Amino acid sequence: MADEERDLIEILEENNPIDINKYISYVRSPKCGAIATFAGTTRDTFDGKEVVELQYEAYVPMAIRCLKSLCSSARASWDIHSIAVAHCLGTVPVGETSVFVAISSVHRADGLDACKFLIDELKASVPIWKKEIYTNGEVWKENKEFIDRMPELVKTSEDQAGACSGKKKVEAHERKSCCGTKVKVNDENADSCR
């Protein structure tokens with residue numbers, strides 16, 4: 001069986017909760033001594049605000065393509081038997097699972113490292129967006145992994161805070177994601193927009 005035939009990738013429409021046992025069963029094999037998993041669940045607070053629920057949207061065809069690419073990258077780096085990745089769309093209440101990754105491998109180190117890689121890369125580069133709904137408002141949120149990798153769009157010195165650029169230099173960012181090269185935009189001209 002080809003490696004990609006041992007990958008199960010699902011973006012679940014609203015009101016289809018993640019069946020963790022389904023994905024663990026999918027990756028289970030007598031050849032493997034380890035199944036590494038990650039379950040991302042909605043927590044009840046963020047920065048002191050009470051969270052009611054999360055809402056997810058995605059560009060599904062691209063998200064699936066990116067996840068397939070990430071699975072291929074994981075297989076190129078670690079000795080993996082099977083991979084299952086599921087992500088919910090729509091509303092995910094507090095305590096419910098929104099994303100699940102399961103990986104089987106002969107030895108635990110490969111499975112654990114690949115699992116961490118997959119969830120980190122998913123959060124950094126797959127086109128799935130999250131809105132946090134609070135008791136007193138809501139906000140679209142970027143994942144920390146995305147922010148850590150996001151190129152600076154406008155560089156300003158402390159004394160030029162608030163200025164925007166008229167002329168920009170665009171160059172390829174060194175780090176590539178599953179969906180192509182990131183773009184880095186450097187500010188060469190700190191003209192004020194005001």
# chains A, B, ... in the order shown; residues from 1 in each chain; ligands from 1
call {"tool": "residues_around", "arguments": {"residues": "region 128-138 of chain A", "least_positions_apart": "3", "cutoff": "10 Å", "atoms": "only C-alpha atoms", "output": "NGL selection string"}}
result
:A and (11 or 42 or 44-46 or 49-60 or 62-63 or 87-93 or 122-125 or 141-143)
call {"tool": "residues_around", "arguments": {"residues": "region 23-40 of chain A", "least_positions_apart": "2", "cutoff": "6 Å", "atoms": "only C-alpha atoms", "output": "list of chain:residue names"}}
result
A:Ile20, A:Asn21, A:Ser82, A:Ala84, A:Thr97, A:Ser98, A:Val99, A:Phe100, A:Val101, A:Ala102, A:Ile103, A:Ser104, A:Ser105, A:Val106, A:His107, A:Arg108, A:Gly111, A:Leu112
call {"tool": "write_last_selection", "arguments": {"atoms": "N, CA, C and O atoms", "output": "PDB file, in the first residue's frame"}}
result
ATOM      1  N   ILE A  20     -12.710  10.177  18.076  1.00  0.00           N
ATOM      2  CA  ILE A  20     -11.305   9.873  18.342  1.00  0.00           C
ATOM      3  C   ILE A  20     -11.014   8.389  18.129  1.00  0.00           C
ATOM      4  O   ILE A  20      -9.983   8.021  17.547  1.00  0.00           O
ATOM      5  N   ASN A  21     -11.913   7.525  18.559  1.00  0.00           N
ATOM      6  CA  ASN A  21     -11.687   6.071  18.408  1.00  0.00           C
ATOM      7  C   ASN A  21     -11.580   5.659  16.940  1.00  0.00           C
ATOM      8  O   ASN A  21     -10.817   4.749  16.608  1.00  0.00           O
ATOM      9  N   SER A  82       0.953   4.970   9.661  1.00  0.00           N
ATOM     10  CA  SER A  82      -0.310   5.579   9.241  1.00  0.00           C
ATOM     11  C   SER A  82      -0.524   6.919   9.929  1.00  0.00           C
ATOM     12  O   SER A  82      -0.027   7.149  11.034  1.00  0.00           O
ATOM     13  N   ALA A  84      -3.699   9.939  10.664  1.00  0.00           N
ATOM     14  CA  ALA A  84      -5.082  10.404  10.579  1.00  0.00           C
ATOM     15  C   ALA A  84      -5.132  11.821  11.132  1.00  0.00           C
ATOM     16  O   ALA A  84      -4.571  12.100  12.194  1.00  0.00           O
ATOM     17  N   THR A  97     -13.645  18.535  21.110  1.00  0.00           N
ATOM     18  CA  THR A  97     -12.430  18.455  20.308  1.00  0.00           C
ATOM     19  C   THR A  97     -12.656  19.109  18.952  1.00  0.00           C
ATOM     20  O   THR A  97     -13.637  18.811  18.268  1.00  0.00           O
ATOM     21  N   SER A  98     -11.727  19.999  18.563  1.00  0.00           N
ATOM     22  CA  SER A  98     -11.820  20.650  17.257  1.00  0.00           C
ATOM     23  C   SER A  98     -10.821  20.085  16.259  1.00  0.00           C
ATOM     24  O   SER A  98     -11.035  20.152  15.057  1.00  0.00           O
ATOM     25  N   VAL A  99      -9.710  19.539  16.748  1.00  0.00           N
ATOM     26  CA  VAL A  99      -8.688  18.983  15.859  1.00  0.00           C
ATOM     27  C   VAL A  99      -8.085  17.742  16.526  1.00  0.00           C
ATOM     28  O   VAL A  99      -7.901  17.708  17.745  1.00  0.00           O
ATOM     29  N   PHE A 100      -7.806  16.734  15.694  1.00  0.00           N
ATOM     30  CA  PHE A 100      -7.233  15.491  16.222  1.00  0.00           C
ATOM     31  C   PHE A 100      -6.214  14.950  15.227  1.00  0.00           C
ATOM     32  O   PHE A 100      -6.471  14.923  14.030  1.00  0.00           O
ATOM     33  N   VAL A 101      -5.066  14.551  15.751  1.00  0.00           N
ATOM     34  CA  VAL A 101      -4.007  13.944  14.942  1.00  0.00           C
ATOM     35  C   VAL A 101      -3.649  12.623  15.598  1.00  0.00           C
ATOM     36  O   VAL A 101      -3.451  12.558  16.816  1.00  0.00           O
ATOM     37  N   ALA A 102      -3.553  11.557  14.798  1.00  0.00           N
ATOM     38  CA  ALA A 102      -3.097  10.251  15.282  1.00  0.00           C
ATOM     39  C   ALA A 102      -2.063   9.716  14.297  1.00  0.00           C
ATOM     40  O   ALA A 102      -2.274   9.775  13.078  1.00  0.00           O
ATOM     41  N   ILE A 103      -0.963   9.217  14.838  1.00  0.00           N
ATOM     42  CA  ILE A 103       0.123   8.692  14.004  1.00  0.00           C
ATOM     43  C   ILE A 103       0.625   7.396  14.611  1.00  0.00           C
ATOM     44  O   ILE A 103       0.900   7.343  15.814  1.00  0.00           O
ATOM     45  N   SER A 104       0.752   6.366  13.777  1.00  0.00           N
ATOM     46  CA  SER A 104       1.337   5.116  14.254  1.00  0.00           C
ATOM     47  C   SER A 104       2.734   4.966  13.666  1.00  0.00           C
ATOM     48  O   SER A 104       3.018   5.376  12.544  1.00  0.00           O
ATOM     49  N   SER A 105       3.599   4.392  14.495  1.00  0.00           N
ATOM     50  CA  SER A 105       4.992   4.174  14.098  1.00  0.00           C
ATOM     51  C   SER A 105       5.534   2.969  14.853  1.00  0.00           C
ATOM     52  O   SER A 105       4.969   2.562  15.879  1.00  0.00           O
ATOM     53  N   VAL A 106       6.606   2.415  14.342  1.00  0.00           N
ATOM     54  CA  VAL A 106       7.229   1.268  14.999  1.00  0.00           C
ATOM     55  C   VAL A 106       7.720   1.675  16.385  1.00  0.00           C
ATOM     56  O   VAL A 106       7.496   0.973  17.370  1.00  0.00           O
ATOM     57  N   HIS A 107       8.373   2.825  16.471  1.00  0.00           N
ATOM     58  CA  HIS A 107       8.923   3.321  17.732  1.00  0.00           C
ATOM     59  C   HIS A 107       8.280   4.652  18.098  1.00  0.00           C
ATOM     60  O   HIS A 107       7.934   5.455  17.231  1.00  0.00           O
ATOM     61  N   ARG A 108       8.163   4.930  19.392  1.00  0.00           N
ATOM     62  CA  ARG A 108       7.443   6.115  19.866  1.00  0.00           C
ATOM     63  C   ARG A 108       8.078   7.429  19.438  1.00  0.00           C
ATOM     64  O   ARG A 108       7.361   8.391  19.176  1.00  0.00           O
ATOM     65  N   GLY A 111       6.751   8.635  16.086  1.00  0.00           N
ATOM     66  CA  GLY A 111       5.349   9.018  16.173  1.00  0.00           C
ATOM     67  C   GLY A 111       5.150  10.320  16.930  1.00  0.00           C
ATOM     68  O   GLY A 111       4.397  11.194  16.500  1.00  0.00           O
ATOM     69  N   LEU A 112       5.831  10.465  18.075  1.00  0.00           N
ATOM     70  CA  LEU A 112       5.691  11.682  18.869  1.00  0.00           C
ATOM     71  C   LEU A 112       6.221  12.903  18.126  1.00  0.00           C
ATOM     72  O   LEU A 112       5.572  13.957  18.106  1.00  0.00           O
TER      73      LEU A 112
END
call {"tool": "closest_residue", "arguments": {"among": "A:Ala114, A:Ile80, A:Ile18, A:Ile64", "to": "Pro127 (chain A)", "atoms": "only C-alpha atoms"}}
result
A:Ile64
call {"tool": "residues_around", "arguments": {"residues": "region 71-74 of chain A", "least_positions_apart": "6", "cutoff": "8 Å", "atoms": "only C-alpha atoms", "output": "list in words"}}
result
Glu4, Asp7, Ile80, Ile83, Ala114, Phe117 and Leu118 of chain A
call {"tool": "select_by_dssp", "arguments": {"residues": "region 86-162 of chain A", "states": "strand (DSSP E)", "output": "MDAnalysis selection string"}}
result
chainID A and resid 86:88 90:93 97:105 128:134 137:141
call {"tool": "atom_distance", "arguments": {"atom1": "CA of Ile147 (chain A)", "atom2": "CA of Asp47 (chain A)"}}
result
17.0 Å
call {"tool": "atom_distance", "arguments": {"atom1": "CA of Asp148 (chain A)", "atom2": "CA of Ala109 (chain A)"}}
result
25.2 Å
call {"tool": "decode", "arguments": {"residues": "region 32-54 of chain A", "atoms": "C-alpha atoms", "output": "compact mmCIF listing (two decimals), in the first residue's frame"}}
result
# COMPACT_ATOMS: atom_id res chain seq x y z
CA CYS A 32 3.56 -0.56 15.21
CA GLY A 33 4.51 -0.22 18.85
CA ALA A 34 3.30 3.36 19.19
CA ILE A 35 0.29 5.51 18.46
CA ALA A 36 0.91 9.19 19.15
CA THR A 37 -2.10 11.48 19.34
CA PHE A 38 -2.98 15.11 19.84
CA ALA A 39 -6.48 16.38 20.61
CA GLY A 40 -7.13 20.11 20.57
CA THR A 41 -10.15 21.05 22.66
CA THR A 42 -12.00 24.29 23.32
CA ARG A 43 -11.00 25.72 26.69
CA ASP A 44 -13.28 27.88 28.81
CA THR A 45 -11.04 30.94 29.20
CA PHE A 46 -8.50 32.93 27.23
CA ASP A 47 -6.56 35.90 28.65
CA GLY A 48 -9.04 36.22 31.50
CA LYS A 49 -12.08 36.20 29.19
CA GLU A 50 -14.77 33.54 29.47
CA VAL A 51 -14.95 31.53 26.22
CA VAL A 52 -18.38 30.26 25.18
CA GLU A 53 -17.35 28.44 21.98
CA LEU A 54 -15.03 28.47 18.99
